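Asker: Structure file my_file.pdb (PDB, C-alpha atoms, pLDDT in the B column) is given on the next line.
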ATOM      1  CA  MET A   1     -26.625 -30.999  20.703  1.00 47.00           C
ATOM      2  CA  LEU A   2     -25.955 -28.178  18.227  1.00 50.00           C
ATOM      3  CA  GLU A   3     -22.509 -26.733  18.197  1.00 54.00           C
ATOM      4  CA  CYS A   4     -21.827 -23.235  17.019  1.00 54.00           C
ATOM      5  CA  MET A   5     -19.312 -23.218  14.183  1.00 51.00           C
ATOM      6  CA  SER A   6     -16.921 -20.340  13.888  1.00 54.00           C
ATOM      7  CA  PRO A   7     -16.143 -18.933  10.436  1.00 52.00           C
ATOM      8  CA  LEU A   8     -12.681 -20.480  10.628  1.00 52.00           C
ATOM      9  CA  ASP A   9     -14.149 -23.983  10.986  1.00 54.00           C
ATOM     10  CA  SER A  10     -15.826 -23.807   7.579  1.00 59.00           C
ATOM     11  CA  MET A  11     -12.763 -22.350   5.851  1.00 71.00           C
ATOM     12  CA  THR A  12     -10.934 -24.860   3.707  1.00 86.00           C
ATOM     13  CA  THR A  13      -7.400 -24.684   2.433  1.00 88.00           C
ATOM     14  CA  LEU A  14      -8.730 -23.596  -0.958  1.00 89.00           C
ATOM     15  CA  ASN A  15     -10.613 -20.717   0.645  1.00 91.00           C
ATOM     16  CA  LEU A  16      -7.517 -19.621   2.512  1.00 93.00           C
ATOM     17  CA  VAL A  17      -5.109 -19.907  -0.424  1.00 93.00           C
ATOM     18  CA  LEU A  18      -7.368 -18.135  -2.932  1.00 94.00           C
ATOM     19  CA  GLY A  19      -8.299 -15.463  -0.403  1.00 94.00           C
ATOM     20  CA  ILE A  20      -4.650 -14.698   0.339  1.00 96.00           C
ATOM     21  CA  ILE A  21      -3.712 -14.661  -3.370  1.00 96.00           C
ATOM     22  CA  PHE A  22      -6.607 -12.323  -4.215  1.00 96.00           C
ATOM     23  CA  LEU A  23      -5.848 -10.090  -1.239  1.00 97.00           C
ATOM     24  CA  ALA A  24      -2.126  -9.809  -2.031  1.00 97.00           C
ATOM     25  CA  SER A  25      -2.890  -9.087  -5.693  1.00 97.00           C
ATOM     26  CA  ALA A  26      -5.477  -6.484  -4.697  1.00 98.00           C
ATOM     27  CA  LEU A  27      -3.038  -4.727  -2.398  1.00 98.00           C
ATOM     28  CA  CYS A  28      -0.328  -4.625  -5.083  1.00 96.00           C
ATOM     29  CA  LEU A  29      -2.693  -3.303  -7.748  1.00 97.00           C
ATOM     30  CA  ILE A  30      -4.220  -0.654  -5.500  1.00 97.00           C
ATOM     31  CA  VAL A  31      -0.785   0.658  -4.477  1.00 97.00           C
ATOM     32  CA  LEU A  32       0.573   0.582  -8.049  1.00 96.00           C
ATOM     33  CA  GLY A  33      -2.603   2.187  -9.366  1.00 97.00           C
ATOM     34  CA  ALA A  34      -2.376   4.997  -6.825  1.00 97.00           C
ATOM     35  CA  VAL A  35       1.292   5.630  -7.638  1.00 96.00           C
ATOM     36  CA  ALA A  36       0.590   5.559 -11.390  1.00 95.00           C
ATOM     37  CA  THR A  37      -2.436   7.850 -11.079  1.00 95.00           C
ATOM     38  CA  VAL A  38      -0.404  10.599  -9.431  1.00 96.00           C
ATOM     39  CA  GLY A  39       2.317  10.209 -12.083  1.00 92.00           C
ATOM     40  CA  LYS A  40       5.037   8.919  -9.757  1.00 93.00           C
ATOM     41  CA  LEU A  41       5.531   5.422 -11.211  1.00 91.00           C
ATOM     42  CA  PRO A  42       9.180   5.348 -12.270  1.00 90.00           C
ATOM     43  CA  GLY A  43      10.011   4.072 -15.724  1.00 85.00           C
ATOM     44  CA  ASN A  44      11.070   0.442 -15.486  1.00 85.00           C
ATOM     45  CA  ALA A  45      11.089  -2.748 -17.511  1.00 82.00           C
ATOM     46  CA  THR A  46       9.077  -4.821 -15.019  1.00 87.00           C
ATOM     47  CA  ILE A  47       5.879  -3.007 -14.074  1.00 89.00           C
ATOM     48  CA  GLY A  48       3.740  -0.973 -16.419  1.00 89.00           C
ATOM     49  CA  LEU A  49       2.355  -0.897 -19.914  1.00 89.00           C
ATOM     50  CA  ARG A  50       4.270  -2.910 -22.500  1.00 87.00           C
ATOM     51  CA  VAL A  51       3.653  -0.729 -25.542  1.00 85.00           C
ATOM     52  CA  PRO A  52       6.614   0.602 -27.566  1.00 85.00           C
ATOM     53  CA  GLU A  53       5.233   4.159 -27.571  1.00 84.00           C
ATOM     54  CA  VAL A  54       5.224   4.246 -23.764  1.00 88.00           C
ATOM     55  CA  ARG A  55       8.974   3.846 -23.557  1.00 86.00           C
ATOM     56  CA  LYS A  56       9.874   6.548 -26.115  1.00 85.00           C
ATOM     57  CA  HIS A  57       9.474   9.594 -23.858  1.00 87.00           C
ATOM     58  CA  GLU A  58       9.096  10.098 -20.132  1.00 90.00           C
ATOM     59  CA  SER A  59       6.054  12.309 -20.668  1.00 88.00           C
ATOM     60  CA  THR A  60       4.388   9.506 -22.642  1.00 91.00           C
ATOM     61  CA  TRP A  61       5.123   7.057 -19.796  1.00 92.00           C
ATOM     62  CA  VAL A  62       3.651   9.380 -17.189  1.00 93.00           C
ATOM     63  CA  GLN A  63       0.521  10.273 -19.153  1.00 93.00           C
ATOM     64  CA  ALA A  64      -0.259   6.692 -20.181  1.00 93.00           C
ATOM     65  CA  HIS A  65       0.092   5.467 -16.597  1.00 94.00           C
ATOM     66  CA  ARG A  66      -2.064   8.315 -15.301  1.00 96.00           C
ATOM     67  CA  VAL A  67      -4.773   6.944 -17.584  1.00 96.00           C
ATOM     68  CA  VAL A  68      -4.297   3.293 -16.594  1.00 96.00           C
ATOM     69  CA  GLY A  69      -3.830   3.950 -12.849  1.00 96.00           C
ATOM     70  CA  PRO A  70      -7.532   4.273 -11.935  1.00 97.00           C
ATOM     71  CA  PHE A  71      -8.265   1.031 -13.768  1.00 97.00           C
ATOM     72  CA  TRP A  72      -5.565  -0.718 -11.718  1.00 97.00           C
ATOM     73  CA  ILE A  73      -7.227   0.613  -8.569  1.00 97.00           C
ATOM     74  CA  LEU A  74     -10.604  -0.669  -9.794  1.00 97.00           C
ATOM     75  CA  THR A  75      -9.017  -4.056 -10.511  1.00 98.00           C
ATOM     76  CA  GLY A  76      -7.575  -4.116  -6.999  1.00 97.00           C
ATOM     77  CA  VAL A  77     -10.955  -3.312  -5.467  1.00 97.00           C
ATOM     78  CA  ALA A  78     -12.591  -6.095  -7.499  1.00 97.00           C
ATOM     79  CA  LEU A  79      -9.915  -8.535  -6.316  1.00 97.00           C
ATOM     80  CA  ALA A  80     -10.412  -7.403  -2.712  1.00 97.00           C
ATOM     81  CA  ILE A  81     -14.114  -8.191  -3.065  1.00 96.00           C
ATOM     82  CA  ALA A  82     -13.168 -11.570  -4.557  1.00 96.00           C
ATOM     83  CA  ALA A  83     -10.890 -12.192  -1.565  1.00 96.00           C
ATOM     84  CA  ALA A  84     -13.630 -11.319   0.909  1.00 94.00           C
ATOM     85  CA  PHE A  85     -15.987 -13.803  -0.719  1.00 94.00           C
ATOM     86  CA  ALA A  86     -13.256 -16.422  -1.233  1.00 93.00           C
ATOM     87  CA  PHE A  87     -12.594 -16.604   2.517  1.00 92.00           C
ATOM     88  CA  ILE A  88     -16.242 -17.496   3.243  1.00 90.00           C
ATOM     89  CA  ALA A  89     -17.253 -19.225   0.002  1.00 86.00           C
ATOM     90  CA  HIS A  90     -18.924 -22.624  -0.095  1.00 87.00           C
ATOM     91  CA  GLY A  91     -21.417 -24.027  -2.546  1.00 88.00           C
ATOM     92  CA  TRP A  92     -23.061 -21.396  -4.722  1.00 90.00           C
ATOM     93  CA  VAL A  93     -21.256 -18.581  -2.916  1.00 88.00           C
ATOM     94  CA  TRP A  94     -18.245 -19.390  -5.136  1.00 91.00           C
ATOM     95  CA  VAL A  95     -20.093 -17.545  -7.909  1.00 94.00           C
ATOM     96  CA  ALA A  96     -19.358 -14.222  -6.188  1.00 94.00           C
ATOM     97  CA  PRO A  97     -15.540 -14.482  -6.268  1.00 93.00           C
ATOM     98  CA  VAL A  98     -15.679 -15.769  -9.845  1.00 95.00           C
ATOM     99  CA  ILE A  99     -17.756 -12.761 -10.913  1.00 96.00           C
ATOM    100  CA  ALA A 100     -15.397 -10.416  -9.051  1.00 96.00           C
ATOM    101  CA  VAL A 101     -12.336 -11.951 -10.737  1.00 96.00           C
ATOM    102  CA  VAL A 102     -13.993 -11.661 -14.169  1.00 97.00           C
ATOM    103  CA  ALA A 103     -14.763  -7.997 -13.405  1.00 97.00           C
ATOM    104  CA  ALA A 104     -11.123  -7.504 -12.372  1.00 97.00           C
ATOM    105  CA  VAL A 105      -9.837  -9.010 -15.611  1.00 97.00           C
ATOM    106  CA  ILE A 106     -12.207  -6.842 -17.641  1.00 97.00           C
ATOM    107  CA  ALA A 107     -11.134  -3.691 -15.750  1.00 97.00           C
ATOM    108  CA  LEU A 108      -7.483  -4.582 -16.245  1.00 96.00           C
ATOM    109  CA  SER A 109      -7.891  -5.155 -19.986  1.00 96.00           C
ATOM    110  CA  VAL A 110      -9.968  -2.007 -20.549  1.00 97.00           C
ATOM    111  CA  GLY A 111      -7.421   0.015 -18.584  1.00 96.00           C
ATOM    112  CA  GLY A 112      -4.556  -1.423 -20.611  1.00 94.00           C
ATOM    113  CA  ASN A 113      -6.383  -0.547 -23.808  1.00 95.00           C
ATOM    114  CA  PHE A 114      -7.050   3.030 -22.681  1.00 96.00           C
ATOM    115  CA  GLY A 115      -3.453   3.430 -21.487  1.00 94.00           C
ATOM    116  CA  ALA A 116      -2.063   2.127 -24.783  1.00 93.00           C
ATOM    117  CA  ARG A 117      -4.320   4.456 -26.761  1.00 94.00           C
ATOM    118  CA  ALA A 118      -3.236   7.377 -24.585  1.00 93.00           C
ATOM    119  CA  ALA A 119       0.402   6.473 -25.211  1.00 92.00           C
ATOM    120  CA  VAL A 120      -0.141   6.392 -28.972  1.00 92.00           C
ATOM    121  CA  LEU A 121      -1.939   9.760 -28.918  1.00 92.00           C
ATOM    122  CA  VAL A 122       0.706  11.430 -26.740  1.00 91.00           C
ATOM    123  CA  ASP A 123       3.474   9.984 -28.926  1.00 89.00           C
ATOM    124  CA  ALA A 124       1.749  11.293 -32.066  1.00 90.00           C
ATOM    125  CA  ALA A 125       1.380  14.744 -30.485  1.00 90.00           C
ATOM    126  CA  LEU A 126       5.065  14.786 -29.524  1.00 88.00           C
ATOM    127  CA  GLU A 127       6.073  13.707 -33.047  1.00 88.00           C
ATOM    128  CA  ALA A 128       3.901  16.441 -34.590  1.00 88.00           C
ATOM    129  CA  GLN A 129       5.379  19.000 -32.218  1.00 87.00           C
ATOM    130  CA  SER A 130       8.945  17.971 -33.083  1.00 84.00           C
ATOM    131  CA  GLN A 131       8.114  18.117 -36.821  1.00 86.00           C
ATOM    132  CA  ASP A 132       6.639  21.603 -36.368  1.00 81.00           C
ATOM    133  CA  GLU A 133       9.756  22.711 -34.509  1.00 79.00           C
ATOM    134  CA  ALA A 134      11.977  21.261 -37.236  1.00 78.00           C
ATOM    135  CA  ALA A 135       9.955  23.046 -39.931  1.00 79.00           C
ATOM    136  CA  ALA A 136      10.178  26.305 -38.001  1.00 76.00           C
ATOM    137  CA  ALA A 137      13.938  25.888 -37.643  1.00 74.00           C
ATOM    138  CA  ARG A 138      14.280  25.249 -41.395  1.00 74.00           C
ATOM    139  CA  ALA A 139      12.148  28.321 -42.143  1.00 70.00           C
ATOM    140  CA  GLN A 140      14.328  30.506 -39.937  1.00 73.00           C
ATOM    141  CA  SER A 141      17.526  29.240 -41.521  1.00 69.00           C
ATOM    142  CA  ALA A 142      16.261  29.703 -45.108  1.00 60.00           C
ATOM    143  CA  PRO A 143      17.758  32.689 -46.932  1.00 65.00           C
ATOM    144  CA  ALA A 144      15.567  35.768 -47.160  1.00 69.00           C
ATOM    145  CA  VAL A 145      14.253  36.532 -50.641  1.00 71.00           C
ATOM    146  CA  ASP A 146      14.376  40.151 -51.841  1.00 72.00           C
ATOM    147  CA  LEU A 147      11.088  40.538 -53.680  1.00 72.00           C
ATOM    148  CA  ASP A 148      12.028  43.970 -55.128  1.00 78.00           C
ATOM    149  CA  ALA A 149      15.147  42.487 -56.700  1.00 76.00           C
ATOM    150  CA  LEU A 150      13.067  39.696 -58.229  1.00 73.00           C
ATOM    151  CA  ARG A 151      10.619  42.224 -59.670  1.00 78.00           C
ATOM    152  CA  ARG A 152      13.436  44.296 -61.153  1.00 81.00           C
ATOM    153  CA  ALA A 153      15.008  41.149 -62.656  1.00 79.00           C
ATOM    154  CA  ALA A 154      11.650  40.115 -64.118  1.00 76.00           C
ATOM    155  CA  GLY A 155      11.186  43.622 -65.540  1.00 78.00           C
ATOM    156  CA  GLN A 156      14.673  43.486 -67.100  1.00 80.00           C
ATOM    157  CA  ALA A 157      13.868  40.102 -68.643  1.00 75.00           C
ATOM    158  CA  ASP A 158      10.685  41.470 -70.224  1.00 72.00           C
ATOM    159  CA  LYS A 159      12.621  44.263 -72.032  1.00 69.00           C
TER     160      LYS A 159
END
Can the structure from this file be put into structure tokens for me?

Answerer:
Amino acid sequence: MLECMSPLDSMTTLNLVLGIIFLASALCLIVLGAVATVGKLPGNATIGLRVPEVRKHESTWVQAHRVVGPFWILTGVALAIAAAFAFIAHGWVWVAPVIAVVAAVIALSVGGNFGARAAVLVDAALEAQSQDEAAAARAQSAPAVDLDALRRAAGQADK
């Protein structure tokens, strides 16, 4: 007599543990990615890009995390797909969660690279702006030169 197996009967402990880990990671990354994308991720020492330029200015932090946020969301979606397959995987079906996890790692690394590059570019722009402001301040504080007086002095020296 054939018995109908429910999906829970074929689920092993490995399926359950990996599925829950992937699902929890996906949820965290999707939420963090959404918060970072809208520019509301507060500056902290725990979560975020670990590049020195990111921590120099708040505007650099916000812009870099706006760049990396969509990649975190993509990573979370890939991990959610891995979780869905991990719950039902057996035999060759394990290839699907492995591919999804590899895609998640690639998305996470590409996003980190883009975020770090954005931080470096924003930091360079802020440095250039501060140097321009400093040069403008020095130019305003420099004494004015009376060109007519210089011409008269040069004419006196020629005589």

Asker: Would you give me, as a tab-separated table, each residue of stretch 56-117 of chain A having an atom within 9 Å of an atom of stretch 25-30 of chain A, along with its shortest atom pair and that distance in Å to one decimal, using all atoms listed in the file and sorting by chain and residue number?

Answerer:
residue	atom	partner	partner_atom	distance
A:Gly69	CA	A:Ile30	CA	8.7
A:Pro70	CA	A:Ile30	CA	8.8
A:Trp72	CA	A:Leu29	CA	5.5
A:Ile73	CA	A:Ile30	CA	4.5
A:Leu74	CA	A:Ile30	CA	7.7
A:Thr75	CA	A:Leu29	CA	6.9
A:Gly76	CA	A:Ala26	CA	3.9
A:Val77	CA	A:Ala26	CA	6.4
A:Ala78	CA	A:Ala26	CA	7.7
A:Leu79	CA	A:Ala26	CA	5.2
A:Ala80	CA	A:Ala26	CA	5.4
A:Ile81	CA	A:Ala26	CA	9.0
A:Ala83	CA	A:Ala26	CA	8.5

Asker: Counting only C-alpha atoms, what is within 8 Å of A:Asp123, bar same-chain residues fewer than 4 positions away, as a list in words?

Answerer: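 The neighbour list is Glu53, Val54, Lys56, His57, Thr60, Ala119 and Glu127 of chain A.
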
Asker: Pick out the residues sitting within 8 Å of A:Ile99, and hand them over as a list in words; count all atoms listed in the file, and ignore anything fewer than 4 positions along from it in its own chain.

Answerer: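 Near neighbours after the sequence-gap exclusion: Ala82, Val95 and Ala103 of chain A.
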
Asker: Give me, please, the distance in Å between atom CA of A:Thr37 and atom CA of A:His65, quoted to one decimal.

Answerer: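 Computing the Euclidean distance for atom CA of A:Thr37 and atom CA of A:His65 yields 6.5 Å.
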
Asker: Written as a PyMOL selection string, what is the full residue list that the PyMOL selection byres ((chain A and resi 18) around 10) yields on the file shown?

Answerer: chain A and resi 13-17+19-24+82-83+85-87+97

Asker: Let me know the residues the PyMOL selection byres ((chain A and resi 111) around 9) catches in the file above, as JSON, numbers by chain.

Answerer: {"A": [67, 68, 69, 70, 71, 72, 106, 107, 108, 109, 110, 112, 113, 114, 115, 116]}

Asker: If the PyMOL selection byres ((chain A and resi 44) around 12) were run on this exact file, what residues would it hold? Put them as a list in words.

Answerer: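 Going through the file, the PyMOL selection byres ((chain A and resi 44) around 12) ends up selecting Lys40, Leu41, Pro42, Gly43, Ala45, Thr46, Ile47, Gly48, Leu49, Arg50, Val54, Arg55, Glu58, Trp61 and Val62 of chain A.
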
Asker: Do you have the atom CA of A:Val35-atom CA of A:Val98 distance handy?

Answerer: 27.4 Å

Asker: Taking 6 positions as the minimum chain separation for residues in the same chain, which residues sit within 9 Å of A:Met11 when counting only C-alpha atoms? Answer as a list in words.

Answerer: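 In the requested format, the answer is Phe87, Ile88, Ala89 and His90 of chain A.
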
Asker: Supply stretch 71-92 of chain A as a CSV table (one decimal), keeping the file's coordinate frame, with N, CA, C and O atoms built in where the input has gaps.

Answerer:
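See out.csv below for the written result:
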chain,number,residue,atom,x,y,z
A,71,PHE,N,-7.8,2.4,-13.4
A,71,PHE,CA,-8.3,1.0,-13.8
A,71,PHE,C,-7.6,0.0,-12.9
A,71,PHE,O,-8.2,-1.0,-12.6
A,72,TRP,N,-6.3,0.2,-12.6
A,72,TRP,CA,-5.6,-0.7,-11.7
A,72,TRP,C,-6.2,-0.7,-10.3
A,72,TRP,O,-6.3,-1.7,-9.7
A,73,ILE,N,-6.6,0.5,-9.9
A,73,ILE,CA,-7.2,0.6,-8.6
A,73,ILE,C,-8.6,-0.1,-8.6
A,73,ILE,O,-8.9,-0.9,-7.7
A,74,LEU,N,-9.3,0.0,-9.7
A,74,LEU,CA,-10.6,-0.7,-9.8
A,74,LEU,C,-10.4,-2.2,-9.8
A,74,LEU,O,-11.1,-2.9,-9.2
A,75,THR,N,-9.3,-2.6,-10.5
A,75,THR,CA,-9.0,-4.1,-10.5
A,75,THR,C,-8.7,-4.5,-9.1
A,75,THR,O,-9.1,-5.6,-8.7
A,76,GLY,N,-7.9,-3.7,-8.4
A,76,GLY,CA,-7.6,-4.1,-7.0
A,76,GLY,C,-8.8,-4.2,-6.1
A,76,GLY,O,-8.9,-5.1,-5.3
A,77,VAL,N,-9.7,-3.3,-6.3
A,77,VAL,CA,-11.0,-3.3,-5.5
A,77,VAL,C,-11.8,-4.6,-5.8
A,77,VAL,O,-12.3,-5.2,-4.9
A,78,ALA,N,-11.9,-4.9,-7.1
A,78,ALA,CA,-12.6,-6.1,-7.5
A,78,ALA,C,-11.9,-7.3,-6.9
A,78,ALA,O,-12.6,-8.3,-6.5
A,79,LEU,N,-10.6,-7.4,-6.9
A,79,LEU,CA,-9.9,-8.5,-6.3
A,79,LEU,C,-10.1,-8.6,-4.8
A,79,LEU,O,-10.1,-9.7,-4.2
A,80,ALA,N,-10.2,-7.4,-4.2
A,80,ALA,CA,-10.4,-7.4,-2.7
A,80,ALA,C,-11.8,-8.0,-2.4
A,80,ALA,O,-12.0,-8.7,-1.4
A,81,ILE,N,-12.8,-7.6,-3.2
A,81,ILE,CA,-14.1,-8.2,-3.1
A,81,ILE,C,-14.1,-9.7,-3.3
A,81,ILE,O,-14.7,-10.5,-2.5
A,82,ALA,N,-13.3,-10.1,-4.3
A,82,ALA,CA,-13.2,-11.6,-4.6
A,82,ALA,C,-12.5,-12.3,-3.4
A,82,ALA,O,-12.9,-13.4,-3.0
A,83,ALA,N,-11.5,-11.6,-2.7
A,83,ALA,CA,-10.9,-12.2,-1.6
A,83,ALA,C,-11.9,-12.3,-0.4
A,83,ALA,O,-11.9,-13.3,0.3
A,84,ALA,N,-12.7,-11.3,-0.2
A,84,ALA,CA,-13.6,-11.3,0.9
A,84,ALA,C,-14.6,-12.5,0.7
A,84,ALA,O,-14.9,-13.2,1.7
A,85,PHE,N,-15.1,-12.7,-0.5
A,85,PHE,CA,-16.0,-13.8,-0.7
A,85,PHE,C,-15.3,-15.1,-0.7
A,85,PHE,O,-15.8,-16.2,-0.3
A,86,ALA,N,-14.0,-15.2,-1.2
A,86,ALA,CA,-13.3,-16.4,-1.2
A,86,ALA,C,-13.0,-17.0,0.2
A,86,ALA,O,-13.0,-18.2,0.3
A,87,PHE,N,-12.8,-16.1,1.1
A,87,PHE,CA,-12.6,-16.6,2.5
A,87,PHE,C,-13.8,-17.3,3.1
A,87,PHE,O,-13.7,-18.2,3.9
A,88,ILE,N,-15.0,-16.9,2.7
A,88,ILE,CA,-16.2,-17.5,3.2
A,88,ILE,C,-17.0,-18.4,2.3
A,88,ILE,O,-18.1,-18.9,2.6
A,89,ALA,N,-16.5,-18.6,1.1
A,89,ALA,CA,-17.3,-19.2,0.0
A,89,ALA,C,-17.4,-20.7,0.3
A,89,ALA,O,-16.5,-21.4,0.8
A,90,HIS,N,-18.6,-21.2,-0.1
A,90,HIS,CA,-18.9,-22.6,-0.1
A,90,HIS,C,-20.2,-22.8,-0.9
A,90,HIS,O,-21.0,-21.9,-1.0
A,91,GLY,N,-20.2,-23.8,-1.7
A,91,GLY,CA,-21.4,-24.0,-2.5
A,91,GLY,C,-21.6,-22.9,-3.6
A,91,GLY,O,-20.6,-22.6,-4.3
A,92,TRP,N,-22.8,-22.4,-3.7
A,92,TRP,CA,-23.1,-21.4,-4.7
A,92,TRP,C,-22.4,-20.0,-4.4
A,92,TRP,O,-22.4,-19.2,-5.3
